[in-house]
$ cat upload-v7.cif   # mmCIF, C-alpha atoms and all ligand atoms; chains and numbers go by the auth columns
data_final
#
loop_
_atom_site.group_PDB
_atom_site.id
_atom_site.type_symbol
_atom_site.label_atom_id
_atom_site.label_comp_id
_atom_site.label_asym_id
_atom_site.label_seq_id
_atom_site.Cartn_x
_atom_site.Cartn_y
_atom_site.Cartn_z
_atom_site.B_iso_or_equiv
_atom_site.auth_seq_id
_atom_site.auth_asym_id
ATOM 1 C CA MET A 1 14.944 -17.396 10.741 0.00 223 A
ATOM 2 C CA GLU A 2 13.548 -17.503 7.238 0.00 224 A
ATOM 3 C CA LYS A 3 13.768 -14.703 4.689 0.00 225 A
ATOM 4 C CA ILE A 4 10.376 -13.051 4.237 0.00 226 A
ATOM 5 C CA THR A 5 9.364 -11.700 0.822 0.00 227 A
ATOM 6 C CA HIS A 6 5.788 -10.868 -0.185 0.00 228 A
ATOM 7 C CA ALA A 7 5.469 -13.929 -2.449 0.00 229 A
ATOM 8 C CA HIS A 8 6.850 -16.212 0.230 0.00 230 A
ATOM 9 C CA TYR A 9 4.652 -14.615 2.873 0.00 231 A
ATOM 10 C CA TRP A 10 1.380 -14.968 0.926 0.00 232 A
ATOM 11 C CA SER A 11 2.046 -18.580 0.004 0.00 233 A
ATOM 12 C CA LYS A 12 2.671 -19.425 3.694 0.00 234 A
ATOM 13 C CA ASN A 13 0.008 -17.142 5.212 0.00 235 A
ATOM 14 C CA PRO A 14 -2.860 -16.757 2.740 0.00 236 A
ATOM 15 C CA THR A 15 -5.443 -16.023 5.441 0.00 237 A
ATOM 16 C CA LYS A 16 -3.428 -14.050 7.995 0.00 238 A
ATOM 17 C CA THR A 17 -4.071 -10.413 8.920 0.00 239 A
ATOM 18 C CA ASP A 18 -0.915 -8.869 10.369 0.00 240 A
ATOM 19 C CA VAL A 19 1.711 -6.280 9.361 0.00 241 A
ATOM 20 C CA PHE A 20 1.391 -7.139 5.665 0.00 242 A
ATOM 21 C CA VAL A 21 -2.367 -6.495 5.688 0.00 243 A
ATOM 22 C CA SER A 22 -3.584 -2.932 6.082 0.00 244 A
ATOM 23 C CA ALA A 23 -6.119 -2.014 8.740 0.00 245 A
ATOM 24 C CA PHE A 24 -7.355 1.406 7.681 0.00 246 A
ATOM 25 C CA VAL A 25 -9.818 1.097 4.810 0.00 247 A
ATOM 26 C CA HIS A 26 -12.711 1.532 7.275 0.00 248 A
ATOM 27 C CA ARG A 27 -11.542 5.126 7.806 0.00 249 A
ATOM 28 C CA PHE A 28 -12.995 5.886 4.346 0.00 250 A
ATOM 29 C CA TYR A 29 -16.393 4.257 4.916 0.00 251 A
ATOM 30 C CA PRO A 30 -18.020 7.647 5.650 0.00 252 A
ATOM 31 C CA VAL A 31 -16.926 8.851 2.178 0.00 253 A
ATOM 32 C CA LEU A 32 -18.331 5.676 0.573 0.00 254 A
ATOM 33 C CA GLN A 33 -21.509 6.075 2.588 0.00 255 A
ATOM 34 C CA LYS A 34 -21.981 9.641 1.287 0.00 256 A
ATOM 35 C CA ASN A 35 -21.113 8.758 -2.323 0.00 257 A
ATOM 36 C CA LYS A 36 -23.474 5.979 -3.255 0.00 258 A
ATOM 37 C CA LYS A 37 -22.384 6.275 -6.896 0.00 259 A
ATOM 38 C CA ILE A 38 -19.103 4.581 -5.961 0.00 260 A
ATOM 39 C CA LYS A 39 -19.905 1.012 -7.005 0.00 261 A
ATOM 40 C CA LYS A 40 -17.063 -0.328 -9.123 0.00 262 A
ATOM 41 C CA VAL A 41 -13.601 0.002 -7.558 0.00 263 A
ATOM 42 C CA LEU A 42 -10.000 -1.127 -8.018 0.00 264 A
ATOM 43 C CA ASP A 43 -7.673 -2.449 -5.283 0.00 265 A
ATOM 44 C CA VAL A 44 -4.059 -1.967 -6.468 0.00 266 A
ATOM 45 C CA ALA A 45 -1.483 -4.437 -5.010 0.00 267 A
ATOM 46 C CA CYS A 46 -4.217 -6.313 -3.156 0.00 268 A
ATOM 47 C CA GLY A 47 -2.108 -8.901 -1.298 0.00 269 A
ATOM 48 C CA ASN A 48 -4.375 -11.594 0.186 0.00 270 A
ATOM 49 C CA GLY A 49 -7.351 -9.230 -0.146 0.00 271 A
ATOM 50 C CA LEU A 50 -8.175 -9.193 3.548 0.00 272 A
ATOM 51 C CA GLY A 51 -7.026 -5.597 4.050 0.00 273 A
ATOM 52 C CA VAL A 52 -9.023 -3.825 1.337 0.00 274 A
ATOM 53 C CA SER A 53 -10.816 -6.008 -1.262 0.00 275 A
ATOM 54 C CA LEU A 54 -12.773 -8.169 1.189 0.00 276 A
ATOM 55 C CA PRO A 55 -13.989 -5.287 3.382 0.00 277 A
ATOM 56 C CA LEU A 56 -15.180 -3.512 0.200 0.00 278 A
ATOM 57 C CA LEU A 57 -16.906 -6.639 -1.148 0.00 279 A
ATOM 58 C CA ARG A 58 -18.668 -6.995 2.210 0.00 280 A
ATOM 59 C CA ARG A 59 -19.995 -3.446 1.713 0.00 281 A
ATOM 60 C CA GLY A 60 -21.573 -4.537 -1.577 0.00 282 A
ATOM 61 C CA LEU A 61 -19.056 -2.960 -3.967 0.00 283 A
ATOM 62 C CA LYS A 62 -17.934 -4.592 -7.213 0.00 284 A
ATOM 63 C CA VAL A 63 -14.190 -5.050 -6.714 0.00 285 A
ATOM 64 C CA HIS A 64 -11.401 -5.563 -9.245 0.00 286 A
ATOM 65 C CA ALA A 65 -7.912 -6.162 -7.845 0.00 287 A
ATOM 66 C CA PHE A 66 -4.371 -6.908 -8.964 0.00 288 A
ATOM 67 C CA ASP A 67 -1.018 -7.829 -7.490 0.00 289 A
ATOM 68 C CA HIS A 68 2.287 -8.844 -9.073 0.00 290 A
ATOM 69 C CA THR A 69 2.696 -12.083 -7.125 0.00 291 A
ATOM 70 C CA THR A 70 0.840 -15.271 -8.020 0.00 292 A
ATOM 71 C CA ALA A 71 0.705 -16.279 -4.352 0.00 293 A
ATOM 72 C CA ALA A 72 -1.201 -13.086 -3.490 0.00 294 A
ATOM 73 C CA ILE A 73 -3.688 -13.627 -6.333 0.00 295 A
ATOM 74 C CA LYS A 74 -4.322 -17.212 -5.218 0.00 296 A
ATOM 75 C CA ALA A 75 -4.753 -16.160 -1.579 0.00 297 A
ATOM 76 C CA ALA A 76 -7.131 -13.304 -2.477 0.00 298 A
ATOM 77 C CA GLN A 77 -9.156 -15.622 -4.757 0.00 299 A
ATOM 78 C CA LYS A 78 -9.530 -18.181 -1.964 0.00 300 A
ATOM 79 C CA ASN A 79 -10.443 -15.588 0.652 0.00 301 A
ATOM 80 C CA ALA A 80 -13.142 -14.101 -1.595 0.00 302 A
ATOM 81 C CA GLU A 81 -14.563 -17.511 -2.560 0.00 303 A
ATOM 82 C CA LYS A 82 -14.693 -18.574 1.081 0.00 304 A
ATOM 83 C CA GLU A 83 -17.178 -15.761 1.712 0.00 305 A
ATOM 84 C CA GLY A 84 -19.076 -16.383 -1.542 0.00 306 A
ATOM 85 C CA PHE A 85 -17.803 -13.253 -3.329 0.00 307 A
ATOM 86 C CA THR A 86 -16.462 -12.764 -6.836 0.00 308 A
ATOM 87 C CA LEU A 87 -13.238 -10.780 -6.784 0.00 309 A
ATOM 88 C CA LEU A 88 -12.109 -9.864 -10.306 0.00 310 A
ATOM 89 C CA LEU A 89 -8.373 -10.518 -10.130 0.00 311 A
ATOM 90 C CA LYS A 90 -5.462 -9.964 -12.502 0.00 312 A
ATOM 91 C CA LYS A 91 -1.741 -10.445 -12.141 0.00 313 A
ATOM 92 C CA SER A 92 -0.041 -7.172 -12.972 0.00 314 A
ATOM 93 C CA ASN A 93 2.788 -4.844 -11.985 0.00 315 A
ATOM 94 C CA MET A 94 1.781 -1.382 -10.734 0.00 316 A
ATOM 95 C CA HIS A 95 4.919 0.066 -12.368 0.00 317 A
ATOM 96 C CA LYS A 96 3.538 -0.873 -15.805 0.00 318 A
ATOM 97 C CA PRO A 97 0.339 0.401 -17.485 0.00 319 A
ATOM 98 C CA PHE A 98 -2.671 -0.968 -15.566 0.00 320 A
ATOM 99 C CA PRO A 99 -4.694 -3.531 -17.561 0.00 321 A
ATOM 100 C CA TYR A 100 -7.946 -1.494 -17.455 0.00 322 A
ATOM 101 C CA ARG A 101 -9.632 1.112 -19.618 0.00 323 A
ATOM 102 C CA THR A 102 -9.400 4.841 -18.895 0.00 324 A
ATOM 103 C CA GLY A 103 -12.082 5.976 -16.446 0.00 325 A
ATOM 104 C CA PHE A 104 -13.215 2.388 -15.765 0.00 326 A
ATOM 105 C CA PHE A 105 -13.488 2.713 -11.961 0.00 327 A
ATOM 106 C CA ASP A 106 -15.581 4.884 -9.691 0.00 328 A
ATOM 107 C CA SER A 107 -12.678 4.965 -7.201 0.00 329 A
ATOM 108 C CA THR A 108 -9.276 3.343 -6.704 0.00 330 A
ATOM 109 C CA PHE A 109 -7.579 2.075 -3.533 0.00 331 A
ATOM 110 C CA CYS A 110 -3.890 1.361 -2.951 0.00 332 A
ATOM 111 C CA PHE A 111 -2.948 0.538 0.628 0.00 333 A
ATOM 112 C CA GLN A 112 0.486 -0.260 2.008 0.00 334 A
ATOM 113 C CA ALA A 113 2.127 -0.827 -1.361 0.00 335 A
ATOM 114 C CA ILE A 114 2.588 2.223 -3.569 0.00 336 A
ATOM 115 C CA TYR A 115 5.855 3.142 -1.788 0.00 337 A
ATOM 116 C CA HIS A 116 7.750 0.063 -3.038 0.00 338 A
ATOM 117 C CA GLY A 117 9.861 1.912 -5.574 0.00 339 A
ATOM 118 C CA LYS A 118 11.643 5.044 -6.678 0.00 340 A
ATOM 119 C CA LEU A 119 9.727 8.311 -6.761 0.00 341 A
ATOM 120 C CA ALA A 120 9.406 7.937 -10.563 0.00 342 A
ATOM 121 C CA ASN A 121 7.712 4.538 -10.045 0.00 343 A
ATOM 122 C CA ILE A 122 5.337 6.019 -7.475 0.00 344 A
ATOM 123 C CA ILE A 123 4.523 8.899 -9.803 0.00 345 A
ATOM 124 C CA PHE A 124 3.837 6.442 -12.627 0.00 346 A
ATOM 125 C CA THR A 125 1.479 4.427 -10.394 0.00 347 A
ATOM 126 C CA LEU A 126 -0.333 7.607 -9.345 0.00 348 A
ATOM 127 C CA SER A 127 -0.728 8.612 -12.996 0.00 349 A
ATOM 128 C CA GLU A 128 -2.232 5.205 -13.775 0.00 350 A
ATOM 129 C CA ILE A 129 -4.558 5.441 -10.763 0.00 351 A
ATOM 130 C CA LYS A 130 -5.717 8.798 -12.095 0.00 352 A
ATOM 131 C CA ARG A 131 -6.158 7.399 -15.622 0.00 353 A
ATOM 132 C CA VAL A 132 -8.318 4.416 -14.652 0.00 354 A
ATOM 133 C CA THR A 133 -10.453 6.409 -12.186 0.00 355 A
ATOM 134 C CA LYS A 134 -13.486 8.373 -13.422 0.00 356 A
ATOM 135 C CA LYS A 135 -13.544 12.158 -13.239 0.00 357 A
ATOM 136 C CA GLY A 136 -14.892 13.012 -9.786 0.00 358 A
ATOM 137 C CA GLY A 137 -13.806 9.594 -8.417 0.00 359 A
ATOM 138 C CA TYR A 138 -11.491 9.150 -5.453 0.00 360 A
ATOM 139 C CA PHE A 139 -8.048 7.757 -4.769 0.00 361 A
ATOM 140 C CA PHE A 140 -7.727 6.305 -1.261 0.00 362 A
ATOM 141 C CA GLY A 141 -4.463 4.948 0.125 0.00 363 A
ATOM 142 C CA THR A 142 -1.689 4.763 2.663 0.00 364 A
ATOM 143 C CA LEU A 143 1.992 5.707 2.327 0.00 365 A
ATOM 144 C CA LEU A 144 4.959 5.570 4.696 0.00 366 A
ATOM 145 C CA SER A 145 5.908 8.518 6.887 0.00 367 A
ATOM 146 C CA TYR A 146 9.472 9.819 6.993 0.00 368 A
ATOM 147 C CA ASP A 147 8.880 10.444 10.730 0.00 369 A
ATOM 148 C CA MET A 148 9.698 6.746 11.267 0.00 370 A
ATOM 149 C CA ILE A 149 13.258 7.126 10.003 0.00 371 A
ATOM 150 C CA LYS A 150 15.919 7.578 12.703 0.00 372 A
ATOM 151 C CA LYS A 151 19.647 8.179 12.310 0.00 373 A
ATOM 152 C CA GLU A 152 22.453 6.820 14.516 0.00 374 A
ATOM 153 C CA LYS A 153 26.132 7.370 13.675 0.00 375 A
ATOM 154 C CA ASN A 154 25.342 7.930 9.994 0.00 376 A
ATOM 155 C CA LYS A 155 23.216 4.790 9.864 0.00 377 A
ATOM 156 C CA PHE A 156 19.511 4.962 9.169 0.00 378 A
ATOM 157 C CA TYR A 157 17.064 2.699 10.940 0.00 379 A
ATOM 158 C CA MET A 158 13.445 2.256 11.851 0.00 380 A
ATOM 159 C CA LYS A 159 12.042 0.446 14.860 0.00 381 A
ATOM 160 C CA VAL A 160 10.142 -2.616 13.678 0.00 382 A
ATOM 161 C CA LYS A 161 7.967 -5.097 15.519 0.00 383 A
ATOM 162 C CA LEU A 162 8.666 -8.488 13.989 0.00 384 A
ATOM 163 C CA LEU A 163 5.984 -11.073 13.321 0.00 385 A
ATOM 164 C CA ASP A 164 6.981 -12.816 16.587 0.00 386 A
ATOM 165 C CA GLY A 165 6.445 -9.571 18.549 0.00 387 A
ATOM 166 C CA LYS A 166 10.139 -8.791 19.062 0.00 388 A
ATOM 167 C CA ILE A 167 11.117 -5.115 18.550 0.00 389 A
ATOM 168 C CA ILE A 168 14.305 -4.555 16.572 0.00 390 A
ATOM 169 C CA LYS A 169 16.151 -1.695 14.915 0.00 391 A
ATOM 170 C CA SER A 170 15.806 -2.398 11.217 0.00 392 A
ATOM 171 C CA TYR A 171 18.741 -0.753 9.442 0.00 393 A
ATOM 172 C CA HIS A 172 18.169 0.795 6.041 0.00 394 A
ATOM 173 C CA LYS A 173 20.506 1.581 3.181 0.00 395 A
ATOM 174 C CA GLN A 174 19.817 5.009 1.724 0.00 396 A
ATOM 175 C CA ASP A 175 19.502 5.254 -2.046 0.00 397 A
ATOM 176 C CA LYS A 176 22.401 7.166 -3.641 0.00 398 A
ATOM 177 C CA SER A 177 20.234 9.586 -5.590 0.00 399 A
ATOM 178 C CA GLU A 178 16.942 9.666 -3.634 0.00 400 A
ATOM 179 C CA PRO A 179 17.452 10.499 0.061 0.00 401 A
ATOM 180 C CA HIS A 180 13.928 9.370 1.062 0.00 402 A
ATOM 181 C CA LEU A 181 14.271 5.959 -0.577 0.00 403 A
ATOM 182 C CA PHE A 182 15.665 3.146 1.602 0.00 404 A
ATOM 183 C CA TYR A 183 16.406 -0.560 1.159 0.00 405 A
ATOM 184 C CA TYR A 184 15.820 -2.859 4.136 0.00 406 A
ATOM 185 C CA LEU A 185 19.036 -4.466 5.328 0.00 407 A
ATOM 186 C CA ASN A 186 17.399 -6.954 7.700 0.00 408 A
ATOM 187 C CA LYS A 187 17.868 -10.323 5.984 0.00 409 A
ATOM 188 C CA ASN A 188 14.699 -11.688 7.590 0.00 410 A
ATOM 189 C CA PHE A 189 12.308 -8.909 6.646 0.00 411 A
ATOM 190 C CA GLU A 190 11.790 -7.676 3.067 0.00 412 A
ATOM 191 C CA TYR A 191 15.559 -7.756 2.457 0.00 413 A
ATOM 192 C CA MET A 192 16.701 -5.041 0.001 0.00 414 A
ATOM 193 C CA GLN A 193 13.080 -4.162 -0.811 0.00 415 A
ATOM 194 C CA PRO A 194 12.789 -0.471 -1.695 0.00 416 A
ATOM 195 C CA HIS A 195 10.590 1.648 0.619 0.00 417 A
ATOM 196 C CA TYR A 196 9.965 5.324 -0.053 0.00 418 A
ATOM 197 C CA TYR A 197 9.213 7.531 2.984 0.00 419 A
ATOM 198 C CA PHE A 198 7.370 10.822 2.493 0.00 420 A
ATOM 199 C CA THR A 199 7.370 13.980 4.555 0.00 421 A
ATOM 200 C CA LYS A 200 3.896 15.486 4.645 0.00 422 A
ATOM 201 C CA GLU A 201 4.996 18.421 2.438 0.00 423 A
ATOM 202 C CA GLU A 202 6.538 16.185 -0.225 0.00 424 A
ATOM 203 C CA LEU A 203 3.485 13.934 -0.229 0.00 425 A
ATOM 204 C CA LYS A 204 1.101 16.861 -0.544 0.00 426 A
ATOM 205 C CA SER A 205 2.985 18.272 -3.529 0.00 427 A
ATOM 206 C CA THR A 206 3.308 14.810 -5.181 0.00 428 A
ATOM 207 C CA LEU A 207 -0.381 13.951 -4.788 0.00 429 A
ATOM 208 C CA SER A 208 -1.460 17.435 -5.860 0.00 430 A
ATOM 209 C CA GLN A 209 0.119 16.823 -9.287 0.00 431 A
ATOM 210 C CA PHE A 210 -2.650 14.258 -9.896 0.00 432 A
ATOM 211 C CA PHE A 211 -5.565 14.886 -7.546 0.00 433 A
ATOM 212 C CA LYS A 212 -7.769 17.656 -6.211 0.00 434 A
ATOM 213 C CA ASP A 213 -8.980 17.991 -2.611 0.00 435 A
ATOM 214 C CA VAL A 214 -5.932 16.114 -1.274 0.00 436 A
ATOM 215 C CA LYS A 215 -6.361 15.141 2.388 0.00 437 A
ATOM 216 C CA ILE A 216 -3.535 13.669 4.481 0.00 438 A
ATOM 217 C CA ARG A 217 -3.878 12.290 8.020 0.00 439 A
ATOM 218 C CA VAL A 218 -1.429 10.369 10.163 0.00 440 A
ATOM 219 C CA VAL A 219 -2.402 6.873 11.370 0.00 441 A
ATOM 220 C CA THR A 220 -0.628 4.219 13.441 0.00 442 A
ATOM 221 C CA ARG A 221 -1.599 0.646 14.208 0.00 443 A
ATOM 222 C CA LYS A 222 -1.812 -0.747 17.724 0.00 444 A
ATOM 223 C CA ASN A 223 0.304 -3.855 17.311 0.00 445 A
ATOM 224 C CA ASP A 224 2.900 -2.295 15.099 0.00 446 A
ATOM 225 C CA LEU A 225 5.301 0.661 15.209 0.00 447 A
ATOM 226 C CA SER A 226 4.558 1.868 11.680 0.00 448 A
ATOM 227 C CA VAL A 227 3.382 5.405 11.003 0.00 449 A
ATOM 228 C CA TYR A 228 1.379 5.845 7.807 0.00 450 A
ATOM 229 C CA TRP A 229 -0.080 8.725 5.885 0.00 451 A
ATOM 230 C CA LEU A 230 -3.734 8.024 5.197 0.00 452 A
ATOM 231 C CA VAL A 231 -4.544 9.896 2.015 0.00 453 A
ATOM 232 C CA SER A 232 -7.417 10.717 -0.290 0.00 454 A
ATOM 233 C CA GLY A 233 -7.762 12.835 -3.396 0.00 455 A
ATOM 234 C CA ARG A 234 -10.229 13.345 -6.253 0.00 456 A
ATOM 235 C CA VAL A 235 -9.703 13.002 -9.968 0.00 457 A
HETATM 236 C C1 LIG B . 2.113 -5.002 2.527 0.00 501 A
HETATM 237 S S1 LIG B . 1.259 -5.781 1.224 0.00 501 A
HETATM 238 C C2 LIG B . -0.303 -4.909 1.259 0.00 501 A
HETATM 239 C C3 LIG B . -1.461 -5.717 0.700 0.00 501 A
HETATM 240 C C4 LIG B . -2.792 -4.990 0.636 0.00 501 A
HETATM 241 N N1 LIG B . -2.749 -3.821 -0.232 0.00 501 A
HETATM 242 C C5 LIG B . -3.256 -4.570 2.000 0.00 501 A
HETATM 243 O O1 LIG B . -3.187 -3.352 2.258 0.00 501 A
HETATM 244 O O2 LIG B . -3.655 -5.388 2.793 0.00 501 A
HETATM 245 C C6 LIG B . 2.057 -5.139 -0.233 0.00 501 A
HETATM 246 C C7 LIG B . 1.592 -5.795 -1.514 0.00 501 A
HETATM 247 O O3 LIG B . 2.111 -5.058 -2.624 0.00 501 A
HETATM 248 C C8 LIG B . 2.408 -5.984 -3.648 0.00 501 A
HETATM 249 N N2 LIG B . 3.336 -5.325 -4.575 0.00 501 A
HETATM 250 C C9 LIG B . 4.594 -4.857 -4.312 0.00 501 A
HETATM 251 N N3 LIG B . 5.135 -4.320 -5.416 0.00 501 A
HETATM 252 C C10 LIG B . 4.185 -4.451 -6.408 0.00 501 A
HETATM 253 C C11 LIG B . 4.153 -4.079 -7.787 0.00 501 A
HETATM 254 N N4 LIG B . 5.203 -3.484 -8.367 0.00 501 A
HETATM 255 N N5 LIG B . 3.036 -4.334 -8.499 0.00 501 A
HETATM 256 C C12 LIG B . 1.973 -4.946 -7.935 0.00 501 A
HETATM 257 N N6 LIG B . 1.950 -5.343 -6.636 0.00 501 A
HETATM 258 C C13 LIG B . 3.043 -5.086 -5.878 0.00 501 A
HETATM 259 C C14 LIG B . 2.997 -7.172 -2.911 0.00 501 A
HETATM 260 O O4 LIG B . 2.999 -8.355 -3.668 0.00 501 A
HETATM 261 C C15 LIG B . 2.071 -7.237 -1.698 0.00 501 A
HETATM 262 O O5 LIG B . 0.992 -8.081 -1.925 0.00 501 A
#

$ encode --input "upload-v7.cif" --output "structure tokens"
Amino acid sequence: MEKITHAHYWSKNPTKTDVFVSAFVHRFYPVLQKNKKIKKVLDVACGNGLGVSLPLLRRGLKVHAFDHTTAAIKAAQKNAEKEGFTLLLKKSNMHKPFPYRTGFFDSTFCFQAIYHGKLANIIFTLSEIKRVTKKGGYFFGTLLSYDMIKKEKNKFYMKVKLLDGKIIKSYHKQDKSEPHLFYYLNKNFEYMQPHYYFTKEELKSTLSQFFKDVKIRVVTRKNDLSVYWLVSGRV
């Protein structure tokens, strides 16, 4: 089996919608519907764009997006062009200052990505999301739930449905200083990639440092075993 990293995945599967592509942005359509002033938005860590950017473009929004892999940018560009849309893309790392002006966006989205790092990285990304989003604008996103983490004889694991449908126990190495941060030990699936898992209480207090009206719901996807926190907050 081949080793799957994000860059490798997007270059091989630029038009696929599976575990790497989120499926929950539609849950925020009622908010967009009510807030017609939300016109210009940012999609942080956009991947191939099919999870968030494209659905938002189809709703008539002006969408800017960035990702740190060239393969993702190319895939997102192609997917937008195929439908006749202009997606304003940049290559950038969410752990560094975002390449946009303060208050530039009416709202900011970050789905299935913000948890790739230490808590300090996540906090930095949240501070940048807050900075580039207008006062009164929203942050919408998904994060990983600690409820997925199981322990067996001092080993941590999570049940994962692989791309071929097989269910495996994916063992995780716990970070030495951050007990909710794990590195995937499965050589075929995001090997040694950091993933931070939040309890609802920790997430609420983290998001509340940056946003008002924080709302957290639990969501799962049919073909997957992942449990996500679906979150929103206002600047
Ligand atoms: C599971 S995919 C989700 C893609 C998209 N947000 C969606 O929900 O469909 C995670 C994405 O995060 C990107 N990513 C991971 N770490 C990043 C970082 N530090 N800066 C920018 N993008 C990052 C990866 O390249 C990948 O495209």

$ resolve_selection --input "upload-v7.cif" --expression "the PyMOL selection byres (((chain A and resi 440) around 6) and not hetatm)" --output "ChimeraX atom specification"
/A:439,441,450-452

$ closest_residue --input "upload-v7.cif" --among "A:Ala293, A:Ala267, A:Ala302, A:Ile336" --to "Ala229 of chain A" --atoms "all atoms listed in the file"
A:Ala293

$ closest_atom_pairs --input "upload-v7.cif" --of "chain A" --to "ligand LIG 501 (chain A)" --cutoff "7 Å" --atoms "all atoms listed in the file" --output "Markdown table"
| residue | atom | partner | partner_atom | distance |
| --- | --- | --- | --- | --- |
| A:His228 | CA | A:LIG501 | O4 | 5.1 |
| A:Ala229 | CA | A:LIG501 | O4 | 6.2 |
| A:Val241 | CA | A:LIG501 | C1 | 7.0 |
| A:Phe242 | CA | A:LIG501 | C1 | 3.9 |
| A:Val243 | CA | A:LIG501 | O2 | 3.4 |
| A:Ser244 | CA | A:LIG501 | O1 | 3.9 |
| A:Val266 | CA | A:LIG501 | N1 | 6.6 |
| A:Ala267 | CA | A:LIG501 | N6 | 3.9 |
| A:Cys268 | CA | A:LIG501 | N1 | 4.1 |
| A:Gly269 | CA | A:LIG501 | O5 | 3.3 |
| A:Asn270 | CA | A:LIG501 | C3 | 6.6 |
| A:Gly271 | CA | A:LIG501 | O2 | 6.1 |
| A:Leu272 | CA | A:LIG501 | O2 | 6.0 |
| A:Gly273 | CA | A:LIG501 | O2 | 3.6 |
| A:Val274 | CA | A:LIG501 | O2 | 5.8 |
| A:Phe288 | CA | A:LIG501 | C12 | 6.7 |
| A:Asp289 | CA | A:LIG501 | N6 | 4.0 |
| A:His290 | CA | A:LIG501 | C12 | 4.1 |
| A:Thr291 | CA | A:LIG501 | O4 | 5.1 |
| A:Ala294 | CA | A:LIG501 | O5 | 5.7 |
| A:Ser314 | CA | A:LIG501 | C12 | 5.9 |
| A:Asn315 | CA | A:LIG501 | N5 | 3.5 |
| A:Met316 | CA | A:LIG501 | N5 | 3.9 |
| A:His317 | CA | A:LIG501 | N4 | 5.4 |
| A:Cys332 | CA | A:LIG501 | N1 | 6.0 |
| A:Phe333 | CA | A:LIG501 | O1 | 4.2 |
| A:Gln334 | CA | A:LIG501 | C2 | 4.8 |
| A:Ala335 | CA | A:LIG501 | O3 | 4.4 |
| A:His338 | CA | A:LIG501 | N3 | 5.6 |

$ closest_residue --input "upload-v7.cif" --among "A:Lys372, A:Arg456, A:Lys238, A:Lys256" --to "Thr355 of chain A" --atoms "all atoms listed in the file"
A:Arg456

$ closest_residue --input "upload-v7.cif" --among "A:Asn408, A:Thr364, A:Asn301, A:Ser349" --to "Tyr379 of chain A" --atoms "all atoms listed in the file"
A:Asn408

$ residues_around --input "upload-v7.cif" --residues "Tyr337 of chain A" --least-positions-apart "3" --cutoff "10 Å" --atoms "all atoms listed in the file" --output "PyMOL selection string"
chain A and resi 332-334+340-341+343-345+347+364-366+403+416-420

$ atom_distance --input "upload-v7.cif" --atom1 "atom CA of Lys356 of chain A" --atom2 "atom CA of Val457 of chain A"
6.9 Å

$ residues_around --input "upload-v7.cif" --residues "Thr442 of chain A" --least-positions-apart "3" --cutoff "10 Å" --atoms "all atoms listed in the file" --output "ChimeraX atom specification"
/A:245-246,445-452

$ atom_distance --input "upload-v7.cif" --atom1 "atom CA of Thr324 of chain A" --atom2 "atom CA of Leu309 of chain A"
20.1 Å

$ build_atoms --input "upload-v7.cif" --residues "segment 340-351 of chain A" --atoms "N, CA and C atoms" --output "PDB file, in the frame of the given file"
ATOM      1  N   LYS A 340      11.089   3.697  -6.577  1.00  0.00           N
ATOM      2  CA  LYS A 340      11.643   5.044  -6.678  1.00  0.00           C
ATOM      3  C   LYS A 340      10.488   6.030  -6.858  1.00  0.00           C
ATOM      4  N   LEU A 341      10.778   7.303  -6.624  1.00  0.00           N
ATOM      5  CA  LEU A 341       9.727   8.311  -6.761  1.00  0.00           C
ATOM      6  C   LEU A 341       9.106   8.260  -8.167  1.00  0.00           C
ATOM      7  N   ALA A 342       9.934   7.997  -9.192  1.00  0.00           N
ATOM      8  CA  ALA A 342       9.406   7.937 -10.563  1.00  0.00           C
ATOM      9  C   ALA A 342       8.398   6.786 -10.704  1.00  0.00           C
ATOM     10  N   ASN A 343       8.658   5.663 -10.007  1.00  0.00           N
ATOM     11  CA  ASN A 343       7.712   4.538 -10.045  1.00  0.00           C
ATOM     12  C   ASN A 343       6.397   4.937  -9.371  1.00  0.00           C
ATOM     13  N   ILE A 344       6.533   5.611  -8.236  1.00  0.00           N
ATOM     14  CA  ILE A 344       5.337   6.019  -7.475  1.00  0.00           C
ATOM     15  C   ILE A 344       4.510   6.995  -8.309  1.00  0.00           C
ATOM     16  N   ILE A 345       5.205   7.910  -8.965  1.00  0.00           N
ATOM     17  CA  ILE A 345       4.523   8.899  -9.803  1.00  0.00           C
ATOM     18  C   ILE A 345       3.817   8.210 -10.977  1.00  0.00           C
ATOM     19  N   PHE A 346       4.475   7.188 -11.538  1.00  0.00           N
ATOM     20  CA  PHE A 346       3.837   6.442 -12.627  1.00  0.00           C
ATOM     21  C   PHE A 346       2.560   5.762 -12.122  1.00  0.00           C
ATOM     22  N   THR A 347       2.660   5.117 -10.954  1.00  0.00           N
ATOM     23  CA  THR A 347       1.479   4.427 -10.394  1.00  0.00           C
ATOM     24  C   THR A 347       0.348   5.425 -10.136  1.00  0.00           C
ATOM     25  N   LEU A 348       0.704   6.592  -9.594  1.00  0.00           N
ATOM     26  CA  LEU A 348      -0.333   7.607  -9.345  1.00  0.00           C
ATOM     27  C   LEU A 348      -0.979   8.068 -10.649  1.00  0.00           C
ATOM     28  N   SER A 349      -0.155   8.168 -11.715  1.00  0.00           N
ATOM     29  CA  SER A 349      -0.728   8.612 -12.996  1.00  0.00           C
ATOM     30  C   SER A 349      -1.678   7.551 -13.548  1.00  0.00           C
ATOM     31  N   GLU A 350      -1.351   6.276 -13.322  1.00  0.00           N
ATOM     32  CA  GLU A 350      -2.232   5.205 -13.775  1.00  0.00           C
ATOM     33  C   GLU A 350      -3.516   5.144 -12.928  1.00  0.00           C
ATOM     34  N   ILE A 351      -3.367   5.391 -11.635  1.00  0.00           N
ATOM     35  CA  ILE A 351      -4.558   5.441 -10.763  1.00  0.00           C
ATOM     36  C   ILE A 351      -5.494   6.539 -11.270  1.00  0.00           C
TER      37      ILE A 351
END
